[in-house]
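Peer 1: Supplied structure: work-v3.tsv, TSV, C-alpha atoms.
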```
chain	number	residue	atom	x	y	z
A	10	MET	CA	25.67	-30.93	11.65
A	11	THR	CA	28.24	-28.79	13.40
A	12	ALA	CA	29.22	-27.33	10.07
A	13	CYS	CA	25.55	-26.52	9.37
A	14	LEU	CA	25.49	-24.37	12.49
A	15	ARG	CA	28.06	-22.14	10.84
A	16	PHE	CA	26.79	-22.20	7.29
A	17	ALA	CA	22.98	-22.29	7.54
A	18	PRO	CA	22.77	-18.60	8.55
A	19	MET	CA	24.91	-17.67	5.53
A	20	ILE	CA	22.37	-19.10	3.12
A	21	GLY	CA	20.53	-16.28	1.42
A	22	ALA	CA	23.50	-13.91	1.42
A	23	ARG	CA	23.68	-11.66	-1.62
A	24	PRO	CA	26.80	-11.33	-3.74
A	25	GLY	CA	29.42	-9.34	-1.88
A	26	GLU	CA	27.86	-9.76	1.55
A	27	LEU	CA	30.15	-12.61	2.59
A	28	THR	CA	33.91	-12.39	2.62
A	29	LEU	CA	35.66	-14.39	-0.09
A	30	GLU	CA	36.69	-16.96	2.51
A	31	GLU	CA	33.12	-17.30	3.81
A	32	ALA	CA	31.67	-17.60	0.32
A	33	SER	CA	34.21	-20.23	-0.66
A	34	ALA	CA	33.66	-22.26	2.50
A	35	LEU	CA	29.87	-22.05	2.06
A	36	ALA	CA	30.09	-23.27	-1.54
A	37	GLU	CA	32.22	-26.20	-0.43
A	38	HIS	CA	29.76	-27.08	2.35
A	39	LEU	CA	26.75	-26.83	0.06
A	40	ALA	CA	28.32	-29.26	-2.37
A	41	SER	CA	28.26	-31.98	0.27
A	42	CYS	CA	25.28	-31.15	2.52
A	43	GLY	CA	21.80	-32.15	1.41
A	44	ALA	CA	20.09	-30.29	4.25
A	45	CYS	CA	21.73	-26.99	3.39
A	46	GLN	CA	20.97	-27.57	-0.28
A	47	GLY	CA	17.34	-27.90	0.80
A	48	ARG	CA	17.58	-24.69	2.84
A	49	LEU	CA	19.02	-22.86	-0.14
A	50	ALA	CA	16.29	-24.26	-2.41
A	51	ASP	CA	13.56	-23.12	0.01
A	52	GLU	CA	15.12	-19.69	0.29
A	53	GLU	CA	15.23	-19.32	-3.50
A	54	ALA	CA	11.70	-20.70	-3.95
A	55	LEU	CA	10.24	-18.14	-1.56
A	56	SER	CA	12.36	-15.28	-2.85
A	57	GLY	CA	10.26	-12.26	-3.75
A	58	MET	CA	7.05	-13.65	-2.27
A	59	LEU	CA	7.01	-11.46	0.84
A	60	PRO	CA	7.05	-8.11	-1.00
A	61	GLU	CA	4.38	-9.47	-3.37
A	62	ALA	CA	2.22	-10.55	-0.44
A	63	LEU	CA	2.49	-7.24	1.40
A	64	LEU	CA	1.83	-5.22	-1.74
A	65	ALA	CA	-1.20	-7.40	-2.42
A	66	GLU	CA	-2.43	-6.51	1.08
A	67	ALA	CA	-1.83	-2.83	0.32
A	68	ASN	CA	-3.70	-3.14	-2.97
A	69	ARG	CA	-6.76	-4.44	-1.15
A	70	ARG	CA	-7.05	-1.11	0.63
A	71	ASP	CA	-8.73	1.95	-0.83
A	72	PHE	CA	-6.09	4.67	-1.06
A	73	SER	CA	-8.32	7.30	-2.68
A	74	ALA	CA	-8.29	9.48	0.44
A	75	PHE	CA	-4.72	8.77	1.50
A	76	SER	CA	-2.90	11.67	-0.18
A	77	ASP	CA	-5.54	14.17	0.96
A	78	GLU	CA	-5.23	12.92	4.52
A	79	VAL	CA	-1.47	13.33	4.29
A	80	LEU	CA	-1.76	16.86	2.91
A	81	THR	CA	-4.25	17.75	5.63
A	82	ARG	CA	-1.67	16.72	8.23
A	83	ILE	CA	0.87	19.14	6.75
A	84	PRO	CA	-0.13	22.68	7.76
A	85	ALA	CA	1.66	24.25	4.80
A	86	LEU	CA	-0.25	22.06	2.35
A	87	GLY	CA	-3.56	21.58	4.13
A	88	ARG	CA	-5.42	23.81	1.72
A	89	ALA	CA	-4.37	21.65	-1.21
A	90	ALA	CA	-6.26	18.66	0.16
A	91	ARG	CA	-9.23	17.67	-1.98
A	92	PRO	CA	-12.32	15.82	-0.81
A	93	ALA	CA	-12.14	12.14	-1.69
A	94	PRO	CA	-14.09	11.27	-4.84
A	95	ARG	CA	-17.45	9.70	-4.05
A	96	GLY	CA	-20.41	8.36	-5.92
A	97	GLY	CA	-18.81	6.49	-8.85
A	98	MET	CA	-20.10	7.94	-12.14
A	99	LEU	CA	-21.80	10.77	-10.25
A	100	ALA	CA	-18.48	11.87	-8.76
A	101	PRO	CA	-17.87	14.75	-11.23
A	102	ILE	CA	-21.38	16.10	-10.66
A	103	LEU	CA	-21.09	15.73	-6.89
A	104	GLY	CA	-17.70	17.39	-7.05
A	105	TRP	CA	-19.10	20.35	-9.03
A	106	VAL	CA	-21.98	20.66	-6.59
A	107	GLY	CA	-19.52	20.58	-3.71
A	108	HIS	CA	-17.54	23.45	-5.14
A	109	HIS	CA	-20.50	25.53	-6.38
A	110	ARG	CA	-23.10	25.09	-3.70
A	111	LEU	CA	-24.87	28.40	-4.31
A	112	LEU	CA	-25.08	27.91	-8.05
A	113	ALA	CA	-26.29	24.36	-7.59
A	114	ALA	CA	-29.02	25.47	-5.17
A	115	ALA	CA	-30.08	28.22	-7.56
A	116	SER	CA	-30.23	25.79	-10.46
A	117	ALA	CA	-32.42	23.42	-8.50
A	118	LEU	CA	-34.79	26.20	-7.44
A	119	ALA	CA	-35.07	27.99	-10.79
A	120	PRO	CA	-37.88	25.90	-12.34
A	121	THR	CA	-39.92	26.07	-9.12
A	122	LEU	CA	-39.52	29.83	-8.87
A	123	ALA	CA	-40.51	30.23	-12.51
A	124	ALA	CA	-43.67	28.19	-12.01
A	125	LEU	CA	-44.59	30.20	-8.88
A	126	ALA	CA	-44.05	33.47	-10.74
A	127	LEU	CA	-46.34	32.29	-13.53
A	128	ILE	CA	-49.12	31.32	-11.14
A	129	VAL	CA	-48.92	34.68	-9.35
A	130	TYR	CA	-48.85	36.53	-12.65
A	131	LEU	CA	-51.85	34.72	-14.06
A	132	GLY	CA	-53.72	34.87	-10.76
A	133	GLN	CA	-53.50	38.66	-10.86
A	134	GLY	CA	-55.16	38.64	-14.27
A	135	ASN	CA	-52.34	40.55	-15.88
A	136	ALA	CA	-52.40	38.56	-19.05
A	137	PRO	CA	-55.05	39.53	-21.54
A	138	GLU	CA	-57.16	36.59	-22.69
A	139	GLY	CA	-55.71	34.93	-25.73
A	140	ALA	CA	-52.35	36.63	-25.41
A	141	PRO	CA	-49.52	34.12	-25.08
A	142	VAL	CA	-47.18	34.60	-22.18
A	143	GLU	CA	-43.61	33.39	-22.54
A	144	VAL	CA	-42.01	31.98	-19.45
A	145	SER	CA	-38.28	31.20	-19.58
A	146	SER	CA	-36.36	28.91	-17.33
A	147	GLU	CA	-32.79	27.75	-17.80
A	148	GLY	CA	-32.69	28.82	-21.43
A	149	ARG	CA	-35.89	26.99	-22.40
A	150	SER	CA	-39.03	28.94	-23.05
A	151	THR	CA	-42.61	27.78	-22.59
A	152	MET	CA	-45.65	29.51	-24.04
A	153	VAL	CA	-48.75	29.84	-21.86
A	154	LEU	CA	-52.08	30.87	-23.45
A	155	GLU	CA	-54.72	32.36	-21.10
A	156	THR	CA	-58.18	31.23	-22.16
A	157	SER	CA	-61.64	31.40	-20.64
A	158	GLU	CA	-61.05	27.78	-19.58
A	159	GLY	CA	-57.91	28.79	-17.73
A	160	PRO	CA	-54.22	28.86	-18.72
A	161	VAL	CA	-53.11	26.41	-21.40
A	162	VAL	CA	-49.43	25.51	-21.49
A	163	LEU	CA	-48.12	24.94	-25.01
A	164	LEU	CA	-45.64	22.07	-24.79
A	165	GLY	CA	-42.71	21.06	-26.99
A	166	ASP	CA	-42.00	22.78	-30.27
A	167	LEU	CA	-45.64	23.78	-30.91
A	168	GLU	CA	-46.07	27.43	-31.69
A	169	PRO	CA	-49.29	29.29	-30.73
A	170	GLU	CA	-51.70	29.67	-33.56
A	171	GLY	CA	-51.35	32.84	-35.48
A	172	SER	CA	-47.82	33.51	-34.33
B	20	MET	CA	10.86	6.88	-13.23
B	21	GLU	CA	13.55	8.11	-10.88
B	22	ALA	CA	14.18	11.17	-13.05
B	23	ASP	CA	10.46	11.90	-12.83
B	24	ASP	CA	10.65	11.54	-9.07
B	25	LEU	CA	13.55	13.99	-8.90
B	26	ALA	CA	11.62	16.53	-10.98
B	27	LEU	CA	8.64	16.13	-8.65
B	28	VAL	CA	10.90	16.50	-5.62
B	29	SER	CA	12.28	19.77	-7.05
B	30	ARG	CA	8.76	21.09	-7.58
B	31	ALA	CA	7.65	19.92	-4.14
B	32	LYS	CA	10.65	21.64	-2.58
B	33	ALA	CA	9.54	24.81	-4.34
B	34	GLY	CA	6.17	24.51	-2.61
B	35	ASP	CA	4.05	22.79	-5.27
B	36	PRO	CA	1.50	20.71	-3.32
B	37	GLU	CA	0.40	18.73	-6.38
B	38	ALA	CA	3.98	17.62	-6.99
B	39	PHE	CA	4.18	16.37	-3.42
B	40	ARG	CA	0.81	14.66	-3.82
B	41	ALA	CA	2.12	12.89	-6.92
B	42	LEU	CA	5.13	11.63	-4.95
B	43	VAL	CA	2.82	10.37	-2.21
B	44	VAL	CA	0.56	8.58	-4.68
B	45	ARG	CA	3.54	6.93	-6.38
B	46	THR	CA	4.98	5.47	-3.19
B	47	GLN	CA	2.04	5.18	-0.77
B	48	ARG	CA	1.37	1.48	-1.25
B	49	LYS	CA	4.99	0.43	-0.82
B	50	VAL	CA	5.29	2.63	2.24
B	51	TYR	CA	2.11	1.14	3.68
B	52	ALA	CA	3.30	-2.41	2.87
B	53	VAL	CA	6.50	-1.88	4.88
B	54	ALA	CA	4.59	-0.39	7.81
B	55	LEU	CA	2.02	-3.19	7.74
B	56	GLY	CA	4.72	-5.86	7.63
B	57	ILE	CA	6.32	-4.49	10.77
B	58	VAL	CA	3.36	-3.36	12.89
B	59	LYS	CA	0.73	-5.92	11.68
B	60	ASP	CA	-2.22	-3.65	12.49
B	61	ARG	CA	-3.77	-2.11	9.35
B	62	ASP	CA	-4.99	1.10	10.95
B	63	LEU	CA	-1.72	1.69	12.76
B	64	ALA	CA	0.16	1.01	9.53
B	65	TRP	CA	-2.08	3.55	7.76
B	66	ASP	CA	-1.37	6.16	10.42
B	67	ILE	CA	2.37	5.48	10.45
B	68	SER	CA	2.49	5.69	6.65
B	69	GLN	CA	0.83	9.09	6.72
B	70	GLU	CA	3.16	10.29	9.46
B	71	ALA	CA	6.09	9.08	7.36
B	72	PHE	CA	5.00	11.33	4.49
B	73	VAL	CA	4.60	14.24	6.90
B	74	ARG	CA	8.24	13.67	7.95
B	75	VAL	CA	9.26	13.29	4.32
B	76	HIS	CA	7.75	16.67	3.54
B	77	ALA	CA	9.39	18.28	6.56
B	78	HIS	CA	12.79	16.99	5.49
B	79	LEU	CA	12.44	17.55	1.74
B	80	PRO	CA	14.98	20.40	1.77
B	81	GLU	CA	17.57	17.92	3.07
B	82	PHE	CA	16.87	15.30	0.37
B	83	LYS	CA	19.84	15.37	-2.01
B	84	GLY	CA	18.77	12.58	-4.35
B	85	GLU	CA	21.62	10.28	-3.33
B	86	SER	CA	19.10	7.46	-3.07
B	87	SER	CA	15.76	7.21	-4.86
B	88	PHE	CA	12.80	9.02	-3.35
B	89	SER	CA	11.03	5.73	-2.61
B	90	THR	CA	14.12	4.29	-0.88
B	91	TRP	CA	14.23	7.39	1.30
B	92	ALA	CA	10.52	7.23	2.09
B	93	LEU	CA	10.79	3.52	2.95
B	94	ARG	CA	13.67	4.23	5.29
B	95	ILE	CA	11.61	6.83	7.12
B	96	VAL	CA	8.52	4.64	7.44
B	97	SER	CA	10.50	1.63	8.65
B	98	HIS	CA	12.10	3.79	11.36
B	99	LEU	CA	8.68	4.95	12.50
B	100	ALA	CA	7.23	1.44	12.40
B	101	ILE	CA	10.13	-0.01	14.39
B	102	ASP	CA	9.75	2.75	16.98
B	103	SER	CA	6.06	2.01	17.32
B	104	VAL	CA	6.63	-1.69	18.08
B	105	ARG	CA	9.61	-1.16	20.39
B	106	LYS	CA	7.40	-1.85	23.39
B	107	GLU	CA	6.49	-5.25	21.97
B	108	ARG	CA	10.16	-5.98	21.35
B	109	THR	CA	11.23	-5.32	24.91
B	110	ALA	CA	8.36	-7.38	26.27
B	111	ILE	CA	9.60	-10.59	24.61
B	112	LYS	CA	12.94	-11.73	25.92
B	113	ASP	CA	12.88	-15.45	25.34
B	114	ASP	CA	13.69	-15.40	21.64
B	115	ILE	CA	17.45	-15.67	21.32
B	116	ASP	CA	19.35	-15.14	18.09
B	117	ASP	CA	21.98	-17.87	18.42
B	118	VAL	CA	21.66	-20.85	16.13
B	119	ARG	CA	21.75	-24.11	18.09
B	120	GLU	CA	21.75	-27.71	16.95
B	121	THR	CA	18.08	-28.07	17.85
B	122	ASP	CA	17.32	-25.22	15.43
B	123	LEU	CA	18.66	-27.33	12.57
B	124	ALA	CA	16.83	-30.52	13.41
B	125	GLY	CA	13.79	-31.81	11.49
B	126	GLY	CA	13.10	-28.62	9.58
B	127	GLY	CA	11.87	-30.24	6.39
B	128	GLU	CA	14.39	-28.40	4.30
B	129	GLY	CA	13.65	-28.41	0.61
B	130	ILE	CA	10.00	-29.45	0.97
B	131	LEU	CA	8.66	-26.05	0.02
B	132	ALA	CA	11.06	-25.75	-2.89
B	133	THR	CA	9.93	-29.15	-4.19
B	134	ALA	CA	6.26	-28.32	-3.74
B	135	LEU	CA	6.61	-24.94	-5.37
B	136	GLY	CA	8.41	-26.37	-8.39
B	137	ASN	CA	10.34	-24.48	-11.00
B	138	ASP	CA	7.69	-22.35	-12.67
B	139	PRO	CA	6.42	-19.60	-10.34
B	140	GLN	CA	3.86	-18.41	-12.89
B	141	GLU	CA	2.10	-21.76	-13.15
B	142	ASN	CA	2.16	-22.86	-9.54
B	143	ALA	CA	-1.17	-22.73	-7.75
B	144	LEU	CA	0.44	-23.52	-4.40
B	145	ARG	CA	2.73	-20.52	-4.79
B	146	ARG	CA	-0.29	-18.27	-5.32
B	147	GLU	CA	-2.03	-19.81	-2.33
B	148	LEU	CA	1.02	-19.36	-0.11
B	149	ALA	CA	1.52	-15.79	-1.30
B	150	GLY	CA	-2.00	-15.13	-0.03
B	151	LYS	CA	-1.06	-16.60	3.35
B	152	MET	CA	2.32	-14.95	3.68
B	153	ALA	CA	1.15	-11.71	5.26
B	154	GLU	CA	-0.87	-13.78	7.74
B	155	ALA	CA	2.19	-15.90	8.52
B	156	LEU	CA	4.36	-12.81	8.91
B	157	ALA	CA	1.92	-11.40	11.44
B	158	GLN	CA	2.42	-14.50	13.60
B	159	LEU	CA	6.17	-13.99	13.90
B	160	PRO	CA	7.74	-12.15	16.85
B	161	GLU	CA	8.33	-8.47	16.17
B	162	LYS	CA	12.08	-8.78	15.71
B	163	HIS	CA	11.63	-11.48	13.09
B	164	ARG	CA	8.91	-9.57	11.23
B	165	THR	CA	11.05	-6.48	11.24
B	166	ILE	CA	14.22	-8.07	9.95
B	167	LEU	CA	12.36	-9.97	7.23
B	168	VAL	CA	10.60	-6.84	6.02
B	169	LEU	CA	13.77	-4.77	6.09
B	170	ARG	CA	15.62	-7.47	4.19
B	171	GLU	CA	12.99	-8.63	1.72
B	172	VAL	CA	10.90	-5.53	1.12
B	173	GLU	CA	13.23	-2.65	1.81
B	174	GLY	CA	16.14	-4.66	0.43
B	175	LEU	CA	18.74	-3.82	3.06
B	176	SER	CA	22.11	-5.55	3.03
B	177	TYR	CA	23.60	-7.31	6.05
B	178	GLU	CA	25.70	-4.21	6.75
B	179	GLU	CA	22.68	-1.90	6.53
B	180	LEU	CA	20.62	-4.22	8.72
B	181	ALA	CA	23.41	-4.30	11.30
B	182	GLU	CA	23.56	-0.52	11.33
B	183	ARG	CA	19.79	-0.02	11.39
B	184	LEU	CA	19.12	-2.55	14.13
B	185	GLY	CA	22.29	-2.00	16.13
B	186	LEU	CA	23.42	-5.61	15.73
B	187	HIS	CA	26.58	-7.40	14.70
B	188	LYS	CA	26.57	-8.86	11.21
B	189	GLY	CA	26.64	-12.38	12.64
B	190	THR	CA	23.53	-11.66	14.69
B	191	VAL	CA	21.79	-10.26	11.63
B	192	MET	CA	22.48	-13.50	9.76
B	193	SER	CA	21.34	-15.76	12.58
B	194	ARG	CA	18.23	-13.68	13.24
B	195	LEU	CA	17.34	-13.87	9.57
B	196	PHE	CA	17.88	-17.62	9.71
B	197	HIS	CA	15.40	-17.95	12.59
B	198	ALA	CA	12.89	-15.65	10.93
B	199	ARG	CA	12.98	-17.61	7.67
B	200	LYS	CA	12.80	-20.93	9.45
B	201	LYS	CA	9.67	-19.86	11.33
B	202	MET	CA	8.10	-18.41	8.21
B	203	GLN	CA	8.79	-21.60	6.27
B	204	ALA	CA	7.35	-23.76	9.07
B	205	LEU	CA	4.13	-21.71	9.00
B	206	LEU	CA	3.92	-21.93	5.22
B	207	ARG	CA	4.40	-25.69	5.33
B	208	GLU	CA	1.52	-25.85	7.80
B	209	TYR	CA	-0.67	-23.79	5.48
B	210	ALA	CA	0.30	-26.00	2.58
B	211	GLY	CA	-0.58	-29.09	4.60
B	212	ILE	CA	2.95	-30.47	4.37
B	213	GLU	CA	4.05	-32.57	7.33
B	214	ARG	CA	7.20	-31.49	9.05
B	215	GLY	CA	10.20	-33.73	8.36
B	216	GLU	CA	8.74	-35.35	5.23
B	217	ALA	CA	11.64	-34.35	3.02
B	218	ALA	CA	15.01	-35.94	2.75
B	219	GLU	CA	16.97	-34.20	5.43
B	220	GLY	CA	20.52	-35.05	4.46
B	221	GLY	CA	22.69	-34.86	7.56
B	222	THR	CA	20.32	-32.90	9.72
B	223	GLU	CA	18.47	-35.64	11.59
B	224	PRO	CA	18.85	-35.16	15.33
```
Let me see the file written as structure tokens.
Peer 2:
Amino acid sequence: MTACLRFAPMIGARPGELTLEEASALAEHLASCGACQGRLADEEALSGMLPEALLAEANRRDFSAFSDEVLTRIPALGRAARPAPRGGMLAPILGWVGHHRLLAAASALAPTLAALALIVYLGQGNAPEGAPVEVSSEGRSTMVLETSEGPVVLLGDLEPEGS
Amino acid sequence: MEADDLALVSRAKAGDPEAFRALVVRTQRKVYAVALGIVKDRDLAWDISQEAFVRVHAHLPEFKGESSFSTWALRIVSHLAIDSVRKERTAIKDDIDDVRETDLAGGGEGILATALGNDPQENALRRELAGKMAEALAQLPEKHRTILVLREVEGLSYEELAERLGLHKGTVMSRLFHARKKMQALLREYAGIERGEAAEGGTEP
């Protein structure tokens, strides 16, 4: 027991951490002490588990914003911080929208503006009856035929008769 | 890996923010793990980890590559974490480092080793205890958490621990002994193993 007081704290030492005399005396003690053999066995059985456990804790946390938060805290690098990705599969689209807000707003409004322009144009009676009017929006064109029954929108790939 | 780190360090020193970001991403979880082990609180550990990288960036020009980048970053975060819990350390005075006869009595030595067996990959108890280990660590006094994390996660030697913590080598060894003993007692509780079940050799009081 008295010997264990001296040797138990040495258990778990790595090679080279004990003097040659200490290492030799510990080996001799271990050969004859069941309790210290048990201590050594426990130490070896649990070896490596603590780093694993703490890394597992770290892996449970979402680190997607971590590097940006770090860069934001460094004045010289603050501008390099990027917004954290959001929205799963929509993330690239949301990211593009975030960086091109004006273009995105214009894209969303374009079809509406085109439709409004068409209504105003037809309401002013500028289109001669029977003459097809081509309205373009985002690279796709739509043919509108003004008839006595009102405007007829030609959908899909149909071409106006006689064209 | 280390050569890659050195190349990134060179680019980061030259002012490349993406190189520094890559270094952060590579080491952030280990840095956080060390901080969490010492301070227990997840949000505080997060904050300390970020502050560690801020310090790393500030001192990049002084980094000579004598140790790996991650070793250097871990050293910085452990310093910060220890500083942050210093108040807790000074508040608890009743935990002495000496090893006394009562510390050796009825510890159930070898029980965990027997229960965990020889094949770590196949042992369900080992997986269960690994899941409980962070919880057990959080129950230890600050000085025992700190020395276990510095030893087991940061990998410091007795000499390095003595220097870092301002202790004699003998005190480092006895403090580690107490820390491990407490950790093992908690793990035996989690595993539902009664204290003193194992053959104790010559350690009965």
Peer 1: Go through B:Val75, B:Ala132, B:Ala100, B:Ile67 one by one, measure the shortest atom-to-atom distance of each to chain A using all atoms listed in the file, and give the residue with the smallest value.
Peer 2: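 Of the candidates, the smallest distance to chain A is held by B:Ala132.
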Peer 1: Looking at B:Gln158, B:Ser29, B:Ser97, B:Gln47, which one is nearest to chain A, with distances taken over all atoms listed in the file?
Peer 2: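 Nearest to chain A: B:Gln47.
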Peer 1: Chain A residues within 7 Å of chain B, counting all atoms listed in the file: which ones, as an MDAnalysis selection string?
Peer 2: chainID A and resid 10 14 18:19 26 42:44 47:48 50:51 54 58:60 62:64 67 76 79 82:83 86 89
Peer 1: So how far away is CA of Asn68 (chain A) from CA of Glu53 (chain A), in Å?
Peer 2: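 About the pair CA of Glu53 (chain A) and CA of Asn68 (chain A): they are 24.9 Å apart.
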Peer 1: Any idea what the distance is between CA of Ile101 (chain B) and CA of Leu184 (chain B)?
Peer 2: 9.3 Å
Peer 1: For a cutoff of 6 Å around the file-coordinate point (22.8, -26.0, 5.8), which residues qualify once you count only C-alpha atoms? I'd like the result as a list in words.
Peer 2: Cys13, Phe16, Ala17, Ala44 and Cys45 of chain A
Peer 1: Restricting the output to C-alpha atoms, write the selected residues as a short mmCIF file (atom, residue, chain, number, x, y, z; two decimals), keeping the file's coordinate frame.
Peer 2:
```
data_model
loop_
_atom_site.label_atom_id
_atom_site.label_comp_id
_atom_site.auth_asym_id
_atom_site.auth_seq_id
_atom_site.Cartn_x
_atom_site.Cartn_y
_atom_site.Cartn_z
CA CYS A 13 25.55 -26.52 9.37
CA PHE A 16 26.79 -22.20 7.29
CA ALA A 17 22.98 -22.29 7.54
CA ALA A 44 20.09 -30.29 4.25
CA CYS A 45 21.73 -26.99 3.39
#
```
